[in-house]
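I have placed the structure first, in the form of structure tokens, so that the comments after it can refer back to it.
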Amino acid sequence: MYAIGLGENKEEVLKAYEKLKEEGIEVELIENPKLLIDKLIDGEIGGAVRGSLPSSKVIPYLRENVGKFYRASILKNPFTKGIFLLSPVGIDDISEDKNERINDKIKIIEFASNFLKNHNLEPRVAVLSGGRLGDLGRNKEVDETIYEAEEIVKHFRGKIDIIHEGILIEEYLKEGYNIIVAIDGVTGNIIFRCLGLVCKIPGYGAVILSDKNINFIDTSRNANWERYYNAVKFLAGGEFE
């Protein structure tokens, strides 16, 4: 049994629910954010999808129960047709403090790499910054993102396949990098909305990256039915289609 949160955008959630029911997958619709998480934590359901419930009600309560975690959106790469992880995508996923933010991104890369390995995919990491490398010196804030990205790459150099070539997300995807590390949660959220909600690139929602095994997928309340459907199918089968 799985559960989907039912808030705003009910019509799209119900479409996913009906499609899953046709395929024999048992799904419960839950309108109370706390009940959704309680049932997940208590083991009453095998996995939960946020559905169209508000993030501000679900995510803080989930953190109260399981501790710190990060979110990584799973999206189809439009160039390679494989999948890639985009993280962070939550506005409160990583710290505003520089040193803590770097540590958060290091943990994201470690957790995301393990996630891909568990699905028989070799992690290839691309770290985003705010401009091309040749833009260094033009803008102080952009410079800081470049220095930060270089520090992260230095931490992993020789251990994993990791690259930083500035803001060029399109080149990273063309080259098949499957972990894209955004500058921060706001930037990641905007990238997801542009790719997933505007350009309609298929996806599975955002998985939880943590040292705990949490069968929860975060989804936008503005998503179409296919994202809710894909999220439950992934929880049920653990495979990408």
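Ligands are numbered from 1 in the order shown, residues from 1 within each chain, and chains are lettered A, B, ... in the order they appear in the structure tokens.
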Nearby residues (only C-alpha atoms) at most 12 Å from Tyr172 in chain A, same-chain spacing under 5 positions excluded, as a VMD selection string:
chain A and resid 77 to 80 84 86 124 to 128 162 to 167 177 to 181
Which of these residues is nearest to Phe115 in chain A, using only C-alpha atoms: A:Ile74, A:Val198, A:Glu175, A:Met1?
A:Ile74
With range 215-227 of chain A as the partner and 8 Å as the cut-off, tabulate the residues of range 3-91 of chain A that qualify, each row holding the nearest pair of atoms and their distance in Å to one decimal, using only C-alpha atoms, sorted by chain and rising number, as CSV.
```
residue,atom,partner,partner_atom,distance
A:Gly7,CA,A:Arg221,CA,7.7
A:Glu8,CA,A:Arg221,CA,6.6
A:Asn9,CA,A:Arg221,CA,6.4
A:Glu12,CA,A:Trp225,CA,4.4
A:Val13,CA,A:Trp225,CA,5.7
A:Leu14,CA,A:Trp225,CA,7.7
A:Lys15,CA,A:Trp225,CA,5.8
A:Ala16,CA,A:Trp225,CA,5.0
A:Leu40,CA,A:Asn215,CA,7.8
A:Gly46,CA,A:Asn215,CA,7.1
A:Gly47,CA,A:Asn215,CA,4.7
A:Ala48,CA,A:Phe216,CA,4.8
A:Val49,CA,A:Ile217,CA,4.8
A:Arg50,CA,A:Asp218,CA,5.1
A:Gly51,CA,A:Thr219,CA,5.6
A:Ser52,CA,A:Arg221,CA,3.8
A:Leu53,CA,A:Arg221,CA,6.3
A:Pro54,CA,A:Arg221,CA,6.8
A:Arg71,CA,A:Asp218,CA,7.6
```
Take the residues just selected and output them with N, CA and C atoms as a CSV table (one decimal), in the first residue's frame.
```csv
chain,number,residue,atom,x,y,z
A,7,GLY,N,-4.1,17.6,-1.9
A,7,GLY,CA,-4.4,19.0,-1.5
A,7,GLY,C,-4.9,19.7,-2.7
A,8,GLU,N,-4.3,20.9,-3.0
A,8,GLU,CA,-4.7,21.6,-4.2
A,8,GLU,C,-4.3,20.7,-5.4
A,9,ASN,N,-4.8,21.1,-6.6
A,9,ASN,CA,-4.6,20.3,-7.8
A,9,ASN,C,-5.1,18.9,-7.7
A,12,GLU,N,-5.4,16.4,-10.9
A,12,GLU,CA,-4.2,15.7,-11.4
A,12,GLU,C,-3.8,14.5,-10.5
A,13,VAL,N,-4.0,14.7,-9.2
A,13,VAL,CA,-3.7,13.5,-8.3
A,13,VAL,C,-4.7,12.4,-8.5
A,14,LEU,N,-6.0,12.8,-8.7
A,14,LEU,CA,-7.0,11.8,-8.9
A,14,LEU,C,-6.8,11.0,-10.2
A,15,LYS,N,-6.3,11.7,-11.3
A,15,LYS,CA,-5.9,11.0,-12.5
A,15,LYS,C,-4.9,9.9,-12.3
A,16,ALA,N,-3.8,10.3,-11.5
A,16,ALA,CA,-2.8,9.4,-11.2
A,16,ALA,C,-3.3,8.2,-10.4
A,40,LEU,N,3.6,6.8,7.2
A,40,LEU,CA,4.9,6.4,6.6
A,40,LEU,C,5.9,5.9,7.7
A,46,GLY,N,3.9,1.4,2.5
A,46,GLY,CA,5.2,1.1,2.0
A,46,GLY,C,6.0,2.3,1.5
A,47,GLY,N,5.3,3.4,1.2
A,47,GLY,CA,5.9,4.6,0.7
A,47,GLY,C,4.9,5.7,0.6
A,48,ALA,N,5.4,7.0,0.6
A,48,ALA,CA,4.5,8.1,0.5
A,48,ALA,C,5.0,9.1,-0.6
A,49,VAL,N,4.0,9.7,-1.2
A,49,VAL,CA,4.3,10.8,-2.2
A,49,VAL,C,3.5,12.0,-1.7
A,50,ARG,N,4.3,13.1,-1.6
A,50,ARG,CA,3.6,14.4,-1.1
A,50,ARG,C,2.4,14.8,-1.9
A,51,GLY,N,2.4,14.5,-3.2
A,51,GLY,CA,1.3,14.8,-4.1
A,51,GLY,C,1.1,16.3,-4.1
A,52,SER,N,-0.1,16.8,-3.9
A,52,SER,CA,-0.4,18.2,-4.0
A,52,SER,C,-0.6,18.9,-2.7
A,53,LEU,N,-0.1,18.3,-1.6
A,53,LEU,CA,-0.1,18.9,-0.3
A,53,LEU,C,1.0,20.0,-0.3
A,54,PRO,N,0.8,21.1,0.5
A,54,PRO,CA,1.8,22.1,0.6
A,54,PRO,C,3.1,21.7,1.3
A,71,ARG,N,16.8,17.0,-0.8
A,71,ARG,CA,15.9,16.5,-1.8
A,71,ARG,C,16.6,16.6,-3.2
```
Can you list, as a ChimeraX atom specification, every protein, DNA or RNA residue that comes within 6 Å of range 188-191 of chain A when you count only C-alpha atoms, leaving out same-chain residues fewer than 3 positions away?
/A:88-89,182,185,194
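Picture a line from CA of Glu96 in chain A to CA of Tyr70 in chain A; it runs 14.4 Å.
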Apply DSSP to the structure's backbone, then extract all residues of range 3-142 of chain A labelled alpha helix (DSSP H) and return them as an MDAnalysis selection string.
chainID A and resid 10:22 33:41 55:66 98:118 140:142
Would you please extract all strand (DSSP E or B) residues from range 24-123 of chain A, as assigned by DSSP on the backbone, and give them as an MDAnalysis selection string?
chainID A and resid 27:30 47:49 70:76 83:87
Those same residues, written as a compact mmCIF listing (two decimals), in the first residue's frame with N, CA and C atoms?
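selection.txt, freshly written:
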```txt
# COMPACT_ATOMS: atom_id res chain seq x y z
N VAL A 27 -3.34 2.32 -3.59
CA VAL A 27 -2.94 3.68 -3.21
C VAL A 27 -4.04 4.30 -2.35
N GLU A 28 -3.61 4.92 -1.27
CA GLU A 28 -4.53 5.65 -0.40
C GLU A 28 -4.32 7.14 -0.61
N LEU A 29 -5.40 7.90 -0.68
CA LEU A 29 -5.33 9.35 -0.78
C LEU A 29 -5.50 9.95 0.62
N ILE A 30 -4.56 10.82 1.01
CA ILE A 30 -4.58 11.38 2.37
C ILE A 30 -4.52 12.90 2.29
N GLY A 47 5.28 3.41 1.22
CA GLY A 47 5.93 4.61 0.74
C GLY A 47 4.89 5.71 0.57
N ALA A 48 5.36 6.96 0.57
CA ALA A 48 4.45 8.10 0.47
C ALA A 48 4.95 9.10 -0.56
N VAL A 49 4.00 9.72 -1.25
CA VAL A 49 4.28 10.79 -2.20
C VAL A 49 3.55 12.04 -1.70
N TYR A 70 18.10 15.94 2.38
CA TYR A 70 18.12 16.79 1.19
C TYR A 70 17.17 16.19 0.17
N ARG A 71 16.76 17.01 -0.79
CA ARG A 71 15.88 16.51 -1.85
C ARG A 71 16.57 16.60 -3.20
N ALA A 72 16.37 15.55 -4.01
CA ALA A 72 16.95 15.51 -5.35
C ALA A 72 15.88 15.13 -6.35
N SER A 73 15.56 16.05 -7.26
CA SER A 73 14.58 15.75 -8.30
C SER A 73 15.17 14.77 -9.31
N ILE A 74 14.36 13.79 -9.67
CA ILE A 74 14.76 12.83 -10.71
C ILE A 74 14.08 13.26 -12.01
N LEU A 75 14.90 13.61 -13.00
CA LEU A 75 14.37 14.08 -14.27
C LEU A 75 14.99 13.30 -15.42
N LYS A 76 14.26 13.21 -16.53
CA LYS A 76 14.80 12.58 -17.74
C LYS A 76 15.71 13.58 -18.45
N ILE A 83 18.33 9.24 -16.87
CA ILE A 83 17.83 10.11 -15.80
C ILE A 83 19.00 10.86 -15.18
N PHE A 84 18.67 11.98 -14.52
CA PHE A 84 19.68 12.69 -13.73
C PHE A 84 19.03 13.22 -12.47
N LEU A 85 19.85 13.42 -11.45
CA LEU A 85 19.40 13.99 -10.19
C LEU A 85 19.78 15.46 -10.15
N LEU A 86 18.85 16.30 -9.74
CA LEU A 86 19.09 17.73 -9.55
C LEU A 86 18.89 18.05 -8.08
N SER A 87 19.92 18.59 -7.43
CA SER A 87 19.83 18.88 -6.00
C SER A 87 20.81 20.00 -5.64
```
With a distance cut-off of 9 Å and only C-alpha atoms, select the neighbouring residues of Leu62 in chain A, excluding the residue or stretch itself and same-chain residues fewer than 3 positions from it, and output the selection as a CSV table (one decimal) with all heavy atoms, in the first residue's frame.
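See out14.csv below for the written result:
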```
chain,number,residue,atom,x,y,z
A,34,LYS,N,0.1,15.6,8.3
A,34,LYS,CA,0.7,14.9,9.5
A,34,LYS,C,0.3,13.4,9.4
A,34,LYS,O,1.2,12.5,9.7
A,34,LYS,CB,0.3,15.5,10.8
A,34,LYS,CG,0.9,16.8,11.1
A,34,LYS,CD,0.7,17.3,12.5
A,34,LYS,CE,1.5,18.6,12.7
A,34,LYS,NZ,1.3,19.1,14.1
A,37,ILE,N,2.6,11.5,6.9
A,37,ILE,CA,3.9,11.2,7.5
A,37,ILE,C,3.9,10.2,8.6
A,37,ILE,O,4.7,9.3,8.7
A,37,ILE,CB,4.6,12.5,8.0
A,37,ILE,CG1,4.8,13.5,6.8
A,37,ILE,CG2,6.0,12.2,8.6
A,37,ILE,CD1,5.5,13.0,5.6
A,38,ASP,N,2.9,10.3,9.5
A,38,ASP,CA,2.7,9.4,10.6
A,38,ASP,C,2.6,7.9,10.0
A,38,ASP,O,3.2,7.0,10.5
A,38,ASP,CB,1.5,9.7,11.4
A,38,ASP,CG,1.8,10.9,12.3
A,38,ASP,OD1,3.0,11.3,12.5
A,38,ASP,OD2,0.8,11.5,12.8
A,41,ILE,N,6.0,6.8,8.8
A,41,ILE,CA,7.0,6.5,9.9
A,41,ILE,C,6.6,5.2,10.6
A,41,ILE,O,7.4,4.4,11.0
A,41,ILE,CB,7.1,7.7,10.8
A,41,ILE,CG1,7.5,8.9,10.1
A,41,ILE,CG2,8.0,7.4,12.0
A,41,ILE,CD1,8.9,8.8,9.4
A,58,VAL,N,4.2,19.7,5.0
A,58,VAL,CA,4.7,18.3,5.0
A,58,VAL,C,6.2,18.2,5.3
A,58,VAL,O,6.6,17.4,6.2
A,58,VAL,CB,4.5,17.7,3.6
A,58,VAL,CG1,5.1,16.3,3.5
A,58,VAL,CG2,3.0,17.6,3.2
A,59,ILE,N,7.1,19.0,4.7
A,59,ILE,CA,8.5,18.9,4.9
A,59,ILE,C,9.0,19.1,6.3
A,59,ILE,O,9.8,18.4,6.8
A,59,ILE,CB,9.2,19.7,3.8
A,59,ILE,CG1,8.9,19.3,2.4
A,59,ILE,CG2,10.8,19.7,4.1
A,59,ILE,CD1,9.2,17.8,2.1
A,65,ASN,N,10.6,14.2,12.3
A,65,ASN,CA,10.5,12.8,12.5
A,65,ASN,C,11.8,12.1,12.1
A,65,ASN,O,12.1,11.0,12.7
A,65,ASN,CB,9.3,12.2,11.8
A,65,ASN,CG,8.0,12.4,12.6
A,65,ASN,OD1,7.6,11.6,13.4
A,65,ASN,ND2,7.3,13.5,12.3
A,66,VAL,N,12.4,12.5,11.0
A,66,VAL,CA,13.6,11.8,10.5
A,66,VAL,C,14.9,12.5,10.6
A,66,VAL,O,15.9,11.9,10.3
A,66,VAL,CB,13.3,11.3,9.1
A,66,VAL,CG1,12.0,10.5,9.0
A,66,VAL,CG2,13.2,12.4,8.1
A,67,GLY,N,14.9,13.8,10.9
A,67,GLY,CA,16.1,14.6,11.0
A,67,GLY,C,16.5,15.2,9.6
A,67,GLY,O,15.6,15.3,8.8
```
With distances taken over only C-alpha atoms, which residue among A:Tyr147, A:Tyr228, A:Phe156, A:Phe111 lies nearest Gly5 in chain A?
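Distance minimum relative to Gly5 in chain A lands on A:Tyr228.
If you look at CA of Gly196 in chain A and CA of Ile106 in chain A, they are 24.9 Å away from each other.
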